[in-house]
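Trainee: My questions will all concern the structure given below.
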Amino acid sequence: MDRSYMGKVLWVNLSTGVLSTERIPDRIYNRFLSGTGLASWLLYHRIPGRADPLGPDNVLGFVSGVLTGSGSLFTGRWMVVGKSPLTGTWGDANCGGNLAPGIKGCGFDAIFFTGQSDRPVYLYADTRRAELRDASHLWGKDAIETEKILIDDHGKKQRARVACIGMAGERRSLISGIVNHGGRLAARSGLGAVMGAKRLKAVVLCGAHRVKVYDRRQMKTLSLKCNEHVAFQPPFLNGTMTAYLGTLMRLLPTQMELDGMLYKIMLKKWGTVNQNQMAIETGDAPVKNWKGSNRDFGLEQSKLIDPDEFTKPVVAKYFCYSCPLGCGGINLAPDGKTEVHRPEYESTIALGGLCLNEDAESIYYLNELLNRAGMDTISVGGTVAFAIECYETGLLTTEETDGLKLTWGNTDAIVQLVEKMVKREGIGDLLADGAKRAARQIGKGADKMAINAGGQELAMHDGRYDPGFAVHNVVEPTPGRHTIGSYMYYEMFQLWRQMPDLPDPSLLYFKGSKYRASREKAVMAAACSQYMNVINGAGCCLFGALLGAHRIPVFEWLNAAAGWEATPEAYMIIGHRIQAIKQLFNIKQGVSPRDIRISRRVLGDPPQKEGANKGRMVPLEKLRRYYWREMGYDMETGVPTAACLARLGLEDEAM
């Protein structure tokens, strides 16, 4: 029977240079899908307990999804997995670009690296062979330059797809990521440092295997119907009006249930920067290291990151593999000559409002610098904001900052500080591993200013605006994760249309209701976790998923692609199983779920005295306990119960 998964993975032992293929039984795909699901099962068993994340026992994996290459839409995501050196937990990072079909083109669902090489190497793989090659000539080069060299060397006969690290990964920065397609980053969890520690500079994939599917006609029918929703694009507001829309939303006492079709319209028009000013006005975007508000970065300041300002210079829309939306952009940089990836929302806020930096040109420069270095813009922005607050409060002196006057909005100092972080030079060496580790070295109460969850800097979505973000920042096996769930996400997923037993939110509700803990909110959060595990096992994009489960037929695509007959409820059980084994992974690595903490400031402790989130507090402990209970975990410890594991068929995996 034709199925859309390849049925095997490649193992590369960097210590010995031995490459081997492992066949994966159908039953494992039935239970865990592919993508991060398959990876969670394999890495739980293959990484020993309390392994050193930067040592030879850690496993670094590049994985594709069940739906990649199947003719479905929005399914070109690839993921990198391993034990995170930043948090010590399960780590994964998700990226678009063009690598995912390259993995399957070489005949594999995933490629895993063990051990450590004694010299720089890269993996070359095509339809017939896979081998390690010397990368000494590439070590020290930035990621975009490295990719160009490798494509020139290998992409003449067939298109080469490359993932590589830049200088940050080589220098083992714990906030470094892995780069693909000219500056797209699998940025989170610090897995670029794992790649650097293994002295693996790049992965080059030139395979041409065709992905088979069970029912190609049904796949086409489903995709055509899905594309009708994507193609619908009525006229919409200009960039300036989004800011005023955000102001109106802030002033109203009520909130409407969000439909992903509206967000899709904005994504298609502007990309993720559509949120820039609106999110600041509503309170979704953090300001001034999470202690400020829209009052500190109001309409006059934020107009320099107006969505229109980032779409006017677009040379061409950027589409990830199998994406009909094209939310990315290739822009002409402010120098008028260089073509660069348009900065995303997370980057513009992290390097902008979070540091009170009003200079859009500097954001372009820093975004390109960090893309080339392979460094996470979210963590960099959060760490810079932390350093500014430390300087403001006297915990860092001008002498300790190498003469930099780290004041809010000091663009020149911010740029120089980031350059030092990339080079691990002076104060930059202290900050290159993120805010939490820097705070430990500084001491004197600096930890209160190091905004993080479980050691990872938080993305640009404020739990005081949407408490769902705060919940998922601490309950996910990878802390600090903003791409799994929130109340907004749940509304846009519209899972109740496929599974009527799930809560159907009110069309209009008072904002205050978001800050009350309840079982219904726990059900919504658990559903987000389970659904996004299915999405990531399929290789699907979050932005596609936000169109709604009735418009993005992931469950139906999976059945048609793999020949399964599973119900939506059955897929949610698979998502639950994946979540549980990741939780078991953390416990095996010595991380207690109850010890994963989030900075109190982001919960409204103490509450803000002005601005969009004035007076708001998140009852996180109650929300987390309710979530654990809904997932079948012990309410006090977050450990999956024996009954939960039996229900999920994971009795043998429990330690």
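We label chains A, B, ... in the order they appear in the structure tokens, count residues from 1 in each chain, and number ligands from 1 in the order shown.
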Would you please give, as a list in words, all residues of stretch 379-499 of chain A that DSSP assigns to strand (DSSP E) based on the backbone?

Mentor: Asn452, Ala453, Gln456 and Glu457 of chain A

Trainee: Can you pull out the residues contacting A:Thr311? Cut-off 8 Å, using only C-alpha atoms, and skip same-chain residues under 3 positions away; I want them as an mmCIF file with N, CA and C atoms, in the first residue's frame.

Mentor:
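File produced: selection-v1.cif:
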data_model
loop_
_atom_site.group_PDB
_atom_site.id
_atom_site.type_symbol
_atom_site.label_atom_id
_atom_site.label_comp_id
_atom_site.auth_asym_id
_atom_site.auth_seq_id
_atom_site.Cartn_x
_atom_site.Cartn_y
_atom_site.Cartn_z
ATOM 1 N N TRP A 270 0.320 41.550 4.673
ATOM 2 C CA TRP A 270 1.525 42.130 5.276
ATOM 3 C C TRP A 270 2.545 41.106 5.787
ATOM 4 N N PRO A 307 3.114 48.268 9.642
ATOM 5 C CA PRO A 307 3.202 47.165 8.687
ATOM 6 C C PRO A 307 3.526 47.596 7.252
ATOM 7 N N ASP A 308 2.976 48.740 6.851
ATOM 8 C CA ASP A 308 3.240 49.217 5.489
ATOM 9 C C ASP A 308 4.714 49.528 5.267
ATOM 10 N N VAL A 314 9.139 45.408 -0.489
ATOM 11 C CA VAL A 314 9.123 44.005 -0.913
ATOM 12 C C VAL A 314 9.482 43.887 -2.387
ATOM 13 N N GLY A 329 8.548 37.717 2.887
ATOM 14 C CA GLY A 329 8.883 38.698 1.866
ATOM 15 C C GLY A 329 10.380 38.816 1.685
ATOM 16 N N ASN A 331 12.835 41.565 0.816
ATOM 17 C CA ASN A 331 12.789 43.021 0.814
ATOM 18 C C ASN A 331 14.105 43.621 0.339
#

Trainee: Which residues are near A:Gly115? Cut-off 10 Å, only C-alpha atoms, ignore same chain within fewer than 2 positions. Put them as number ranges by chain.

Mentor: A: 12-17, 54-60, 113, 117-118, 197-199

Trainee: Here is a test: counting only C-alpha atoms, which residue of A:Leu325, A:Arg159, A:Pro85, A:Gly166 is nearest to A:Val230?

Mentor: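 Residue with the minimum atom-to-atom distance to A:Val230: A:Leu325.
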
Trainee: Please extract the residues of stretch 498-622 of chain A with a backbone DSSP assignment of alpha helix (DSSP H) and present them as a PyMOL selection string.

Mentor: chain A and resi 519-538+542-545+554-562+568-588+620-622

Trainee: Looking at only C-alpha atoms, which of A:Asp466, A:Pro324, A:Glu392, A:Tyr29 is the one that sits closest to A:Ala446?

Mentor: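 Under the stated criterion, the closest residue is A:Glu392.
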
Trainee: Would you mind listing what lies within 10 Å of stretch 397-414 of chain A as a list in words, with only C-alpha atoms counted and same-chain residues fewer than 6 positions away left out?

Mentor: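 The contact residues come out as Lys288, Asn289, Leu351, Gly352, Gly353, Leu354, Cys355, Leu356, Asn357, Glu358, Asp359, Ala360, Glu361, Ser362, Ile363, Leu366, Gly381, Val384, Ala385, Ala387, Ile388, Glu389, Cys390, Tyr391, Lys420, Glu425, Gly426, Ile427 and Gly428 of chain A.
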
Trainee: Suppose you want the space between atom CA of A:Ala186 and atom CA of A:Thr478; what is it in Å?

Mentor: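 Computing the Euclidean distance for atom CA of A:Ala186 and atom CA of A:Thr478 yields 14.0 Å.
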
Trainee: Under the rule that only C-alpha atoms are counted, which of A:Val203, A:Ala110, A:Met631, A:Met278 is the nearest residue to A:Trp11?

Mentor: A:Ala110

Trainee: For A:Ala517, please output as a list in words all residues within 8 Å (counting only C-alpha atoms; exclusion window: fewer than 5 positions along the same chain).

Mentor: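 Surrounding residues, per the criterion: Pro619, Lys622 and Leu623 of chain A.
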
Trainee: Could you tell me which of A:Lys436, A:Lys264, A:Arg594, A:Arg250 comes closest to A:Tyr465 if we count only C-alpha atoms?

Mentor: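 For A:Tyr465, the nearest of the given residues is A:Arg250.
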
Trainee: Which one of A:Gly328, A:Pro343, A:Pro503, A:Gly468 sits closest to A:Tyr365 if you count only C-alpha atoms?

Mentor: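 Among the listed residues, the smallest separation from A:Tyr365 belongs to A:Pro343.
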
Trainee: Choose the residue, out of A:Pro593, A:Lys317, A:Lys291, A:Gly271, that has the smallest atom-to-atom separation from A:Lys609; count only C-alpha atoms.

Mentor: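 Of the candidates, the smallest distance to A:Lys609 is held by A:Lys291.
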
Trainee: Set the distance at 8 Å and use only C-alpha atoms: which residues neighbour A:Phe74 once local chain neighbours fewer than 2 positions away are removed? I'd like the list as a PDB file with N, CA and C atoms, in the first residue's frame.

Mentor:
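For reference, out24.pdb as written:
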ATOM      1  N   SER A  72      -0.512  18.060  -0.213  1.00  0.00           N
ATOM      2  CA  SER A  72      -1.267  18.888   0.725  1.00  0.00           C
ATOM      3  C   SER A  72      -0.631  20.274   0.792  1.00  0.00           C
ATOM      4  N   GLY A  76       5.145  22.160   4.528  1.00  0.00           N
ATOM      5  CA  GLY A  76       6.568  22.161   4.219  1.00  0.00           C
ATOM      6  C   GLY A  76       7.446  22.465   5.412  1.00  0.00           C
ATOM      7  N   ARG A  77       6.913  22.274   6.615  1.00  0.00           N
ATOM      8  CA  ARG A  77       7.710  22.582   7.808  1.00  0.00           C
ATOM      9  C   ARG A  77       8.696  21.452   8.101  1.00  0.00           C
ATOM     10  N   TYR A 321       7.970  25.999   1.096  1.00  0.00           N
ATOM     11  CA  TYR A 321       7.544  24.864   0.291  1.00  0.00           C
ATOM     12  C   TYR A 321       6.082  24.496   0.599  1.00  0.00           C
ATOM     13  N   SER A 322       5.290  24.303  -0.424  1.00  0.00           N
ATOM     14  CA  SER A 322       3.878  23.877  -0.396  1.00  0.00           C
ATOM     15  C   SER A 322       2.947  24.899   0.231  1.00  0.00           C
ATOM     16  N   CYS A 323       3.392  26.143   0.335  1.00  0.00           N
ATOM     17  CA  CYS A 323       2.557  27.190   0.922  1.00  0.00           C
ATOM     18  C   CYS A 323       1.863  28.010  -0.161  1.00  0.00           C
ATOM     19  N   PRO A 324       0.531  28.129  -0.119  1.00  0.00           N
ATOM     20  CA  PRO A 324      -0.181  28.972  -1.087  1.00  0.00           C
ATOM     21  C   PRO A 324      -0.362  30.410  -0.605  1.00  0.00           C
ATOM     22  N   CYS A 540       2.864  20.392   9.278  1.00  0.00           N
ATOM     23  CA  CYS A 540       2.015  21.505   8.863  1.00  0.00           C
ATOM     24  C   CYS A 540       2.424  22.803   9.559  1.00  0.00           C
ATOM     25  N   CYS A 541       2.058  23.917   8.962  1.00  0.00           N
ATOM     26  CA  CYS A 541       2.391  25.242   9.480  1.00  0.00           C
ATOM     27  C   CYS A 541       1.309  25.740  10.438  1.00  0.00           C
ATOM     28  N   GLY A 544      -1.243  28.008   8.772  1.00  0.00           N
ATOM     29  CA  GLY A 544      -2.291  27.270   8.074  1.00  0.00           C
ATOM     30  C   GLY A 544      -3.325  26.748   9.050  1.00  0.00           C
TER      31      GLY A 544
END
